[in-house]
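Visitor: Hey, dropping protein16.txt in here, compact mmCIF, C-alpha atoms:
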# COMPACT_ATOMS: atom_id res chain seq x y z
CA MET S 1 87.88 75.52 114.89
CA GLU S 2 84.90 77.65 113.86
CA THR S 3 82.60 78.21 116.78
CA GLU S 4 79.15 79.63 117.24
CA ALA S 5 79.68 80.04 120.96
CA GLN S 6 78.12 82.94 122.75
CA THR S 7 80.04 84.80 125.44
CA ASP S 8 78.32 86.87 128.10
CA GLY S 9 75.08 86.67 126.12
CA ILE S 10 76.50 88.59 123.12
CA ASP S 11 77.55 87.19 119.77
CA THR S 12 81.32 86.57 119.78
CA SER S 13 81.86 88.77 116.70
CA SER S 14 80.56 91.72 118.69
CA ASN S 15 83.04 90.89 121.44
CA LEU S 16 85.85 91.35 118.92
CA ILE S 17 84.90 94.98 118.29
CA PRO S 18 86.70 96.57 121.28
CA LEU S 19 89.73 94.31 120.78
CA ALA S 20 89.96 95.10 117.06
CA ALA S 21 89.59 98.82 117.80
CA LEU S 22 92.36 98.66 120.43
CA CYS S 23 94.71 96.84 118.05
CA ILE S 24 94.05 99.50 115.38
CA ALA S 25 94.74 102.25 117.90
CA LEU S 26 97.96 100.45 118.90
CA ASN S 27 99.09 100.37 115.26
CA VAL S 28 98.30 104.03 114.67
CA GLY S 29 99.58 105.31 118.03
CA LEU S 30 102.95 103.53 117.91
CA GLY S 31 103.44 103.96 114.17
CA THR S 32 103.11 107.71 114.41
CA VAL S 33 105.58 108.00 117.30
CA VAL S 34 108.17 106.07 115.29
CA ASN S 35 107.44 107.96 112.06
CA LEU S 36 108.10 111.25 113.84
CA LEU S 37 111.53 109.93 114.89
CA LYS S 38 112.37 109.02 111.26
CA ALA S 39 113.89 105.77 112.56
CA PRO S 40 114.47 103.06 109.93
CA VAL S 41 111.73 100.92 111.51
CA TYR S 42 107.93 101.28 111.31
CA LEU S 43 106.31 99.48 114.31
CA ASP S 44 102.94 100.08 112.68
CA ALA S 45 101.69 96.49 112.47
CA ILE S 46 102.08 95.20 116.05
CA GLY S 47 98.30 95.45 116.50
CA THR S 48 97.65 93.52 113.28
CA ILE S 49 100.03 90.69 114.26
CA LEU S 50 98.69 90.62 117.83
CA PHE S 51 95.09 90.47 116.64
CA ALA S 52 95.89 87.61 114.23
CA LEU S 53 97.51 85.65 117.09
CA LEU S 54 94.56 86.35 119.39
CA ALA S 55 91.84 85.53 116.84
CA TYR S 56 93.56 82.38 115.51
CA GLY S 57 91.06 79.53 115.57
CA ARG S 58 88.14 81.34 113.94
CA SER S 59 88.92 80.00 110.46
CA TRP S 60 88.50 82.53 107.60
CA LYS S 61 86.52 84.85 109.84
CA GLY S 62 89.61 85.37 112.00
CA PHE S 63 91.70 86.27 108.97
CA ALA S 64 89.01 88.64 107.67
CA TRP S 65 88.96 90.46 111.02
CA SER S 66 92.79 90.60 111.13
CA ALA S 67 92.91 92.02 107.59
CA MET S 68 90.26 94.56 108.55
CA VAL S 69 92.36 95.62 111.57
CA GLY S 70 95.33 96.21 109.25
CA ALA S 71 93.34 98.05 106.57
CA LEU S 72 91.43 100.32 108.96
CA SER S 73 94.67 101.11 110.82
CA PHE S 74 96.07 102.71 107.70
CA VAL S 75 92.79 104.46 106.79
CA ILE S 76 92.67 106.06 110.26
CA GLY S 77 96.45 106.65 110.25
CA ALA S 78 96.07 108.50 106.93
CA ILE S 79 93.26 110.66 108.29
CA PHE S 80 95.11 111.61 111.48
CA PHE S 81 98.83 111.57 110.80
CA ASN S 82 100.42 110.36 107.60
CA PRO S 83 98.50 110.60 104.29
CA VAL S 84 100.71 108.10 102.43
CA LEU S 85 99.65 105.21 104.70
CA VAL S 86 96.41 104.61 102.83
CA TRP S 87 98.32 103.31 99.78
CA PHE S 88 100.03 100.61 101.90
CA ILE S 89 96.85 98.76 102.86
CA PRO S 90 97.90 95.73 100.71
CA THR S 91 101.03 95.38 102.91
CA GLN S 92 98.90 95.28 106.07
CA ILE S 93 96.65 92.63 104.52
CA ALA S 94 99.72 90.54 103.58
CA ILE S 95 101.01 90.87 107.18
CA ALA S 96 97.61 89.78 108.52
CA ALA S 97 97.55 86.77 106.16
CA PHE S 98 101.10 85.65 107.03
CA SER S 99 100.48 86.15 110.76
CA TYR S 100 97.20 84.25 110.74
CA PHE S 101 97.98 81.40 108.37
CA VAL S 102 101.71 80.88 108.99
CA ILE S 103 102.88 82.40 112.29
CA ALA S 104 99.95 81.47 114.55
CA PRO S 105 99.89 77.74 113.57
CA SER S 106 103.71 77.56 113.65
CA LEU S 107 103.93 78.87 117.22
CA PRO S 108 101.80 76.57 119.42
CA GLU S 109 104.15 77.49 122.31
CA ILE S 110 102.52 80.90 122.72
CA TYR S 111 99.15 79.30 123.44
CA GLN S 112 100.66 77.22 126.27
CA SER S 113 101.72 78.51 129.68
CA GLY S 114 105.33 78.29 130.85
CA ALA S 115 108.62 79.72 129.69
CA PHE S 116 109.68 79.60 126.05
CA THR S 117 112.27 77.05 124.96
CA LYS S 118 115.27 77.99 122.81
CA LYS S 119 113.47 76.38 119.87
CA ALA S 120 110.51 78.76 120.34
CA TYR S 121 112.80 81.80 120.37
CA PHE S 122 114.50 80.52 117.22
CA LYS S 123 111.11 80.07 115.52
CA ILE S 124 110.03 83.59 116.49
CA ALA S 125 113.25 85.00 115.02
CA LEU S 126 112.89 83.02 111.80
CA LEU S 127 109.19 83.84 111.35
CA GLY S 128 109.86 87.53 112.08
CA LEU S 129 112.52 87.66 109.37
CA LEU S 130 110.21 85.86 106.91
CA LEU S 131 107.41 88.29 107.74
CA GLY S 132 109.82 91.11 106.92
CA VAL S 133 110.62 89.59 103.53
CA VAL S 134 106.88 89.22 102.75
CA ALA S 135 106.18 92.84 103.79
CA GLY S 136 109.20 94.09 101.83
CA VAL S 137 108.19 92.27 98.65
CA VAL S 138 104.58 93.54 98.83
CA SER S 139 105.65 97.13 99.68
CA ALA S 140 108.41 97.49 97.07
CA PRO S 141 106.20 97.91 93.96
CA ILE S 142 103.99 100.41 95.83
CA ILE S 143 107.01 102.48 96.93
CA ALA S 144 108.65 102.32 93.50
CA TYR S 145 105.70 102.83 91.18
CA VAL S 146 103.27 104.84 93.31
CA PHE S 147 105.74 107.06 95.18
CA GLY S 148 108.74 107.07 92.89
CA GLY S 149 110.95 105.47 95.55
CA ILE S 150 110.75 107.82 98.54
CA THR S 151 107.83 107.89 100.97
CA GLY S 152 109.08 110.00 103.88
CA ALA S 153 109.71 107.02 106.16
CA GLY S 154 113.16 106.46 107.68
CA ALA S 155 113.97 103.70 105.16
CA SER S 156 113.79 106.34 102.40
CA LEU S 157 117.20 107.55 103.57
CA ILE S 158 118.65 104.14 102.67
CA THR S 159 116.91 104.27 99.27
CA ALA S 160 118.33 107.73 98.54
CA PHE S 161 121.80 106.62 99.62
CA LEU S 162 121.70 103.58 97.31
CA MET S 163 120.44 105.65 94.35
CA LYS S 164 123.20 108.15 94.99
CA ALA S 165 125.62 105.23 94.84
CA GLY S 166 124.33 104.46 91.32
CA GLU S 167 121.76 101.72 91.89
CA THR S 168 118.50 101.72 89.90
CA LEU S 169 115.27 102.90 91.51
CA PHE S 170 113.67 99.46 91.89
CA THR S 171 116.89 97.81 93.13
CA SER S 172 117.34 100.59 95.71
CA VAL S 173 113.75 100.27 96.94
CA VAL S 174 113.91 96.47 97.21
CA ALA S 175 117.34 96.59 98.90
CA SER S 176 116.26 99.24 101.42
CA GLY S 177 113.07 97.26 102.09
CA LEU S 178 115.00 94.06 102.67
CA ALA S 179 117.50 95.94 104.85
CA SER S 180 114.91 97.49 107.14
CA GLU S 181 111.78 95.31 106.96
CA PRO S 182 113.09 91.98 108.39
CA LEU S 183 114.63 93.70 111.44
CA ASP S 184 111.49 95.80 111.90
CA LYS S 185 109.12 92.84 111.58
CA LEU S 186 111.27 90.67 113.86
CA LEU S 187 110.99 93.41 116.50
CA GLN S 188 107.25 93.75 115.87
CA LEU S 189 106.61 90.00 116.12
CA ALA S 190 108.64 89.78 119.35
CA LEU S 191 106.67 92.68 120.85
CA ALA S 192 103.34 91.24 119.64
CA VAL S 193 104.17 87.84 121.22
CA ALA S 194 105.13 89.60 124.47
CA LEU S 195 101.82 91.50 124.47
CA PHE S 196 99.95 88.28 123.68
CA ARG S 197 101.50 86.60 126.73
CA ILE S 198 100.38 89.38 129.10
CA THR S 199 96.85 89.59 127.65
CA PRO S 200 94.38 88.31 130.28
CA SER S 201 93.09 84.78 129.62
CA ARG S 202 89.48 86.07 129.58
CA VAL S 203 90.28 88.39 126.68
CA ARG S 204 92.15 85.62 124.84
CA ARG S 205 89.16 83.31 125.29
CA ILE S 206 86.79 85.95 123.91
CA ALA S 207 89.09 86.60 120.95
CA ARG S 208 89.24 82.91 120.03
CA GLY S 209 85.47 82.61 120.28
CA GLY S 210 85.47 80.18 123.20
CA MET Q 1 81.30 117.97 105.80
CA LEU Q 2 77.81 116.52 105.92
CA ALA Q 3 77.73 115.37 102.30
CA SER Q 4 75.86 112.26 101.20
CA GLY Q 5 77.53 108.84 101.10
CA ASN Q 6 77.45 108.80 97.29
CA ALA Q 7 79.27 112.15 97.13
CA ARG Q 8 82.01 110.69 99.35
CA ILE Q 9 82.28 107.68 97.05
CA ALA Q 10 82.55 110.11 94.07
CA LEU Q 11 85.47 111.79 95.88
CA LEU Q 12 87.18 108.43 96.39
CA ILE Q 13 86.78 107.62 92.68
CA ALA Q 14 88.20 111.05 91.78
CA ALA Q 15 91.18 110.37 94.09
CA ILE Q 16 91.90 107.08 92.32
CA VAL Q 17 91.70 108.77 88.89
CA VAL Q 18 94.06 111.52 90.10
CA ALA Q 19 96.50 108.91 91.44
CA ILE Q 20 96.51 107.07 88.11
CA ALA Q 21 96.15 109.72 85.44
CA ALA Q 22 97.10 113.26 86.55
CA ASP Q 23 100.33 114.89 85.37
CA LEU Q 24 102.06 117.83 87.10
CA ARG Q 25 99.83 120.50 85.50
CA ALA Q 26 96.60 118.63 86.31
CA THR Q 27 97.92 117.98 89.83
CA ILE Q 28 98.35 121.72 90.41
CA VAL Q 29 94.81 122.39 89.12
CA ILE Q 30 93.33 119.63 91.29
CA PHE Q 31 95.36 120.81 94.30
CA THR Q 32 93.77 124.28 93.93
CA LEU Q 33 90.31 122.74 93.56
CA SER Q 34 90.85 120.59 96.67
CA VAL Q 35 91.81 123.62 98.77
CA VAL Q 36 88.62 125.35 97.55
CA LEU Q 37 86.58 122.23 98.38
CA TYR Q 38 88.07 122.05 101.89
CA GLY Q 39 87.01 125.70 102.30
CA VAL Q 40 83.48 125.25 100.85
CA THR Q 41 82.81 122.25 103.09
CA GLY Q 42 84.12 124.08 106.18
CA GLN Q 43 86.99 121.67 106.82
CA HIS Q 44 89.58 124.28 107.81
CA ARG Q 45 90.82 122.30 110.81
CA LEU Q 46 91.18 119.12 108.76
CA LEU Q 47 93.06 121.08 106.09
CA ALA Q 48 95.38 122.54 108.74
CA SER Q 49 96.06 119.11 110.27
CA TYR Q 50 96.63 117.63 106.80
CA ALA Q 51 98.83 120.48 105.54
CA ARG Q 52 101.52 119.91 108.19
CA PRO Q 53 102.38 116.26 107.32
CA GLY Q 54 101.88 117.10 103.62
CA VAL Q 55 104.41 119.95 103.72
CA VAL Q 56 106.87 117.91 105.82
CA LEU Q 57 106.59 114.98 103.42
CA ALA Q 58 106.99 117.17 100.32
CA SER Q 59 110.01 118.99 101.80
CA PHE Q 60 111.64 115.76 102.98
CA THR Q 61 111.28 114.04 99.60
CA PHE Q 62 112.27 117.19 97.68
CA THR Q 63 115.50 117.44 99.70
CA LEU Q 64 116.31 113.75 99.24
CA TRP Q 65 115.72 113.87 95.47
CA LEU Q 66 117.81 117.03 95.21
CA LEU Q 67 120.64 115.22 97.03
CA VAL Q 68 120.27 112.24 94.69
CA TYR Q 69 120.43 114.40 91.54
CA ILE Q 70 123.24 116.78 92.60
CA ASP Q 71 126.69 115.72 91.53
CA LEU Q 72 128.71 116.64 94.61
CA SER Q 73 131.99 116.86 92.70
CA ASN Q 74 130.49 119.37 90.23
CA PRO Q 75 127.25 120.76 91.67
CA ASP Q 76 124.75 122.23 89.18
CA PHE Q 77 121.75 123.32 91.26
CA PRO Q 78 119.49 124.64 88.43
CA ASP Q 79 119.88 121.36 86.54
CA ALA Q 80 119.17 119.25 89.65
CA PHE Q 81 116.18 121.45 90.53
CA GLY Q 82 114.79 121.07 86.99
CA ARG Q 83 115.15 117.29 87.16
CA VAL Q 84 113.37 117.14 90.54
CA ILE Q 85 110.32 119.13 89.35
CA ALA Q 86 110.16 117.64 85.84
CA ASN Q 87 106.72 116.43 84.75
CA ASP Q 88 107.61 112.72 84.88
CA SER Q 89 109.94 112.89 87.91
CA PRO Q 90 109.43 110.76 91.04
CA PHE Q 91 108.89 113.96 93.02
CA ALA Q 92 105.97 114.89 90.73
CA LEU Q 93 104.61 111.42 91.46
CA ILE Q 94 104.67 112.04 95.22
CA LEU Q 95 103.02 115.46 94.81
CA LYS Q 96 100.24 113.69 92.91
CA MET Q 97 99.94 111.17 95.75
CA ILE Q 98 99.74 113.94 98.35
CA VAL Q 99 96.88 115.60 96.45
CA ALA Q 100 95.08 112.28 95.89
CA SER Q 101 95.51 111.46 99.60
CA ALA Q 102 94.07 114.87 100.52
CA VAL Q 103 90.90 113.95 98.61
CA VAL Q 104 90.74 110.53 100.33
CA VAL Q 105 91.18 112.24 103.72
CA LEU Q 106 88.36 114.66 102.91
CA ALA Q 107 86.06 111.80 101.88
CA LEU Q 108 86.81 109.60 104.91
CA GLY Q 109 87.70 112.00 107.69
CA SER Q 110 85.42 115.01 107.37
CA TYR Q 111 82.52 114.57 109.78
CA PRO Q 112 81.72 115.22 113.43
CA ASP Q 113 83.06 112.63 115.91
CA GLY Q 114 79.63 111.22 116.64
CA ALA Q 115 78.91 110.49 112.97
CA SER Q 116 81.63 107.87 112.39
CA VAL Q 117 79.24 104.91 112.37
CA SER Q 118 76.72 106.66 110.15
CA VAL Q 119 79.35 107.77 107.60
CA ALA Q 120 81.05 104.36 107.51
CA ARG Q 121 77.68 102.73 106.83
CA HIS Q 122 76.92 105.19 104.03
CA LEU Q 123 80.26 104.25 102.48
CA GLY Q 124 79.06 100.65 102.32
CA PHE Q 125 80.76 99.16 105.40
CA ASN Q 126 78.69 96.62 107.33
CA GLY Q 127 77.66 97.18 110.98
CA ASP Q 128 80.69 95.55 112.66
CA VAL Q 129 83.24 97.30 110.41
CA ALA Q 130 81.52 100.64 110.93
CA LEU Q 131 81.59 100.17 114.71
CA VAL Q 132 85.27 99.13 114.71
CA PHE Q 133 86.13 102.17 112.56
CA ALA Q 134 84.28 104.53 114.91
CA THR Q 135 85.66 102.97 118.10
CA ALA Q 136 89.24 102.83 116.81
CA ARG Q 137 89.10 106.44 115.69
CA ALA Q 138 88.02 107.43 119.19
CA LEU Q 139 90.65 105.22 120.86
CA VAL Q 140 93.73 106.50 119.03
CA TRP Q 141 94.21 109.44 121.39
CA ASN Q 142 93.46 107.18 124.34
CA ILE Q 143 96.33 104.88 123.41
CA ARG Q 144 98.67 107.85 122.92
CA GLU Q 145 97.69 109.15 126.38
CA ASN Q 146 98.22 105.71 127.96
CA PHE Q 147 101.61 105.50 126.22
CA ASP Q 148 102.65 108.83 127.75
CA ARG Q 149 101.27 107.85 131.17
CA SER Q 150 103.15 104.54 131.04
CA ILE Q 151 106.40 106.40 130.40
CA THR Q 152 105.66 108.71 133.35
CA ALA Q 153 104.81 105.78 135.64
CA LEU Q 154 107.95 103.82 134.72
CA HIS Q 155 110.02 106.99 135.04
CA ALA Q 156 108.65 107.48 138.56
CA HIS Q 157 109.85 103.98 139.46
CA GLY Q 158 113.30 104.69 138.02
CA ILE Q 159 112.87 102.07 135.25
CA VAL Q 160 112.87 104.58 132.37
CA LYS Q 161 115.18 107.60 132.14
CA SER Q 162 114.45 110.85 130.27
CA SER Q 163 116.58 110.09 127.19
CA TRP Q 164 115.18 108.65 123.95
CA VAL Q 165 117.73 105.82 124.13
CA SER Q 166 116.35 104.74 127.50
CA ARG Q 167 112.76 104.94 126.23
CA LEU Q 168 113.57 102.86 123.16
CA SER Q 169 115.48 100.26 125.19
CA ARG Q 170 112.52 99.98 127.60
CA LEU Q 171 109.92 99.90 124.81
CA PRO Q 172 108.65 96.39 125.74
CA GLN Q 173 107.86 97.49 129.32
CA ILE Q 174 106.25 100.75 128.14
CA LEU Q 175 104.16 98.87 125.59
CA ALA Q 176 103.15 96.20 128.09
CA LEU Q 177 101.86 98.82 130.51
CA THR Q 178 100.10 100.71 127.68
CA TRP Q 179 98.40 97.54 126.45
CA THR Q 180 97.18 96.26 129.83
CA ALA Q 181 95.90 99.72 130.83
CA SER Q 182 94.08 100.15 127.50
CA LEU Q 183 92.56 96.66 127.65
CA ASP Q 184 91.36 97.25 131.16
CA GLN Q 185 89.70 100.58 130.27
CA SER Q 186 88.22 99.36 127.02
CA TYR Q 187 86.70 96.11 128.26
CA SER Q 188 85.32 97.58 131.45
CA ARG Q 189 83.67 100.38 129.44
CA SER Q 190 82.26 98.05 126.79
CA ASP Q 191 81.02 95.64 129.47
CA THR Q 192 79.16 98.50 131.10
CA LYS Q 193 77.66 99.65 127.83
CA TRP Q 194 76.60 96.22 126.62
CA LYS Q 195 75.27 94.88 129.88
CA LEU Q 196 73.72 97.86 131.63
CA ASN Q 197 72.16 100.37 129.29
CA ARG Q 198 72.21 98.83 125.79
CA PHE Q 199 73.33 102.23 124.52
CA VAL Q 200 75.75 100.80 121.96
CA LEU Q 201 73.15 98.33 120.75
CA TYR Q 202 70.76 101.21 120.14
CA LEU Q 203 73.44 103.00 118.10
CA VAL Q 204 74.08 99.87 116.06
CA GLU Q 205 70.40 99.55 115.21
CA HIS Q 206 69.44 103.19 114.68
CA SER Q 207 72.52 105.10 113.55
CA ASP Q 208 71.76 105.08 109.80
CA ALA Q 209 69.51 108.11 109.87
CA ALA Q 210 71.41 109.97 112.60
CA ILE Q 211 73.16 112.60 110.46
CA PRO Q 212 71.38 114.45 107.64
CA SER Q 213 73.43 115.38 104.57
CA GLU Q 214 73.65 118.91 103.19
CA ARG Q 215 72.86 119.68 99.55
CA LEU Q 216 75.53 122.35 99.12
CA THR Q 217 78.46 120.18 100.25
CA THR Q 218 77.11 117.21 98.30
CA PHE Q 219 76.90 119.39 95.16
CA ALA Q 220 80.43 120.74 95.78
CA CYS Q 221 81.82 117.20 96.11
CA TYR Q 222 80.20 116.11 92.83
CA CYS Q 223 81.54 119.25 91.08
CA PHE Q 224 85.03 118.55 92.39
CA ALA Q 225 84.92 114.92 91.26
CA ILE Q 226 83.76 115.90 87.74
CA LEU Q 227 86.32 118.73 87.39
CA SER Q 228 89.21 116.56 88.69
CA ILE Q 229 88.42 113.68 86.36
CA SER Q 230 88.00 116.18 83.47
CA ALA Q 231 91.42 117.73 84.24
CA CYS Q 232 93.01 114.27 84.07
CA LEU Q 233 91.18 113.45 80.82
CA VAL Q 234 92.32 116.73 79.21
CA ASP Q 235 95.89 115.76 80.08
CA ILE Q 236 95.56 112.32 78.60
CA LEU Q 237 93.92 113.59 75.37
Would you mind writing the structure in this file as structure tokens?

Guide:
Amino acid sequence: METEAQTDGIDTSSNLIPLAALCIALNVGLGTVVNLLKAPVYLDAIGTILFALLAYGRSWKGFAWSAMVGALSFVIGAIFFNPVLVWFIPTQIAIAAFSYFVIAPSLPEIYQSGAFTKKAYFKIALLGLLLGVVAGVVSAPIIAYVFGGITGAGASLITAFLMKAGETLFTSVVASGLASEPLDKLLQLALAVALFRITPSRVRRIARGG
Amino acid sequence: MLASGNARIALLIAAIVVAIAADLRATIVIFTLSVVLYGVTGQHRLLASYARPGVVLASFTFTLWLLVYIDLSNPDFPDAFGRVIANDSPFALILKMIVASAVVVLALGSYPDGASVSVARHLGFNGDVALVFATARALVWNIRENFDRSITALHAHGIVKSSWVSRLSRLPQILALTWTASLDQSYSRSDTKWKLNRFVLYLVEHSDAAIPSERLTTFACYCFAILSISACLVDIL
């Protein structure tokens, strides 16, 4: 669904700039609030998921923009608030890829008006859990081998508890990731879908390049 | 820091080398050099804003590792302390990451607000990426303000109470209000800029030469990169 359409006389890529910037700011703003609370969730990829849903239909260009939203979120987040974020850019790119290539095409319901069916809610739950597994698997080697297991996020408490109980470093990191990531990503996907539904149709049209 | 784009890239390379190759002794040397570099380049505020999360992170991880290593039935604090600060310990790894991140932050975050586009372009980002980087950096505080205002507005309507539990349970409503308010502000502003005065377009086309670089800070960055990489090489050899 690649399009060369022009909107309001400006190339559609340029129209993505404010939306991409807002999604990055959403990631950084929310992620920092949650990090300060040391809650075992992150909420730092809602903007990435939302942007992937909004830009779906632009072929590889849409994915490239979604990945850029994720990567720049963690560059800016590292500059402003939490220096360790910059090492988790691969996780954001994996979230962008899964959201763009798996979640967006699997959820045609969100692009239609009207209330969700039970099947749609079930799909959102399942895709959210799968997104959590993907994020957990990509993050685990970074946490284990780059940070030695503890990064300062709330999930580190679970890792420390498991290591105290005698588990190995890698097992503890993977287990804490799989314990916290699916719930976190389910919550993030649900919130991103909710934000998608209240985004004005004009903005959605611009994002999709129509 | 008004150093050249190549000096910033040299800092990024040094950060990667530190992250891969430095041991505890080299990390301490490079930490000292980074503090000096922050001072030479006049980035005291950035250092202050970076020091707080760095100290919190180091303290948090130190405490957790101490708890992991202490045998609660027969506590031996000196032994646990020694294991936490050992050269190949996970805590030494995170100290190394904090120092490497400090160098990345200096390379990517040390410039006046108006120079975001220029610096991003000198780092090799294309026009769109540079603009997104600059705009997002400026919007972060905007989103945080809208988030706080949304809580206040919903509180005024009795939807959100003062407790954290209430705020977390009403997170979807708070977020929805934050998002719609931010979209409204952002698109109306960008519409005005694009359609009426072409100001942004001018920036896109002419921003490359906007900020001159300084020789002293550029030289200091190169010195730091060479010394850091040398410190890591000495360790390896």

Visitor: Residues of chain Q within 6 Å of chain S, counting all atoms listed in the file - could you list those as a VMD selection string?

Guide: chain Q and resid 57 68 90 93 to 94 101 105 109 132 135 to 136 139 to 140 144

Visitor: Provide the CA of Phe224 (chain Q) to CA of Val17 (chain Q) distance in Å, to one decimal place.

Guide: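 CA of Phe224 (chain Q) sits 12.3 Å away from CA of Val17 (chain Q).
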
Visitor: I'd like the neighbourhood of Leu107 (chain S) as JSON, numbers by chain, where a residue qualifies if any of its atoms comes within 10 Å (using all atoms listed in the file), though same-chain residues fewer than 6 positions away should be ignored.

Guide: {"S": [53, 120, 121, 123, 124, 127, 193]}

Visitor: When distances are computed from all atoms listed in the file, which of S:Thr48, S:Ser139, S:Ser172, S:Ser201 shows the smallest separation from Ala97 (chain S)?

Guide: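 The shortest atom-to-atom distance to Ala97 (chain S) comes from S:Thr48.
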
Visitor: By how many Å are CA of Ala179 (chain S) and CA of Ala100 (chain Q) apart?

Guide: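 Computing the Euclidean distance for CA of Ala179 (chain S) and CA of Ala100 (chain Q) yields 29.2 Å.
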
Visitor: Mind pulling up the distance from CA of Leu24 (chain Q) to CA of Ala220 (chain Q)?

Guide: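 According to the coordinates, CA of Ala220 (chain Q) and CA of Leu24 (chain Q) are separated by 23.5 Å.
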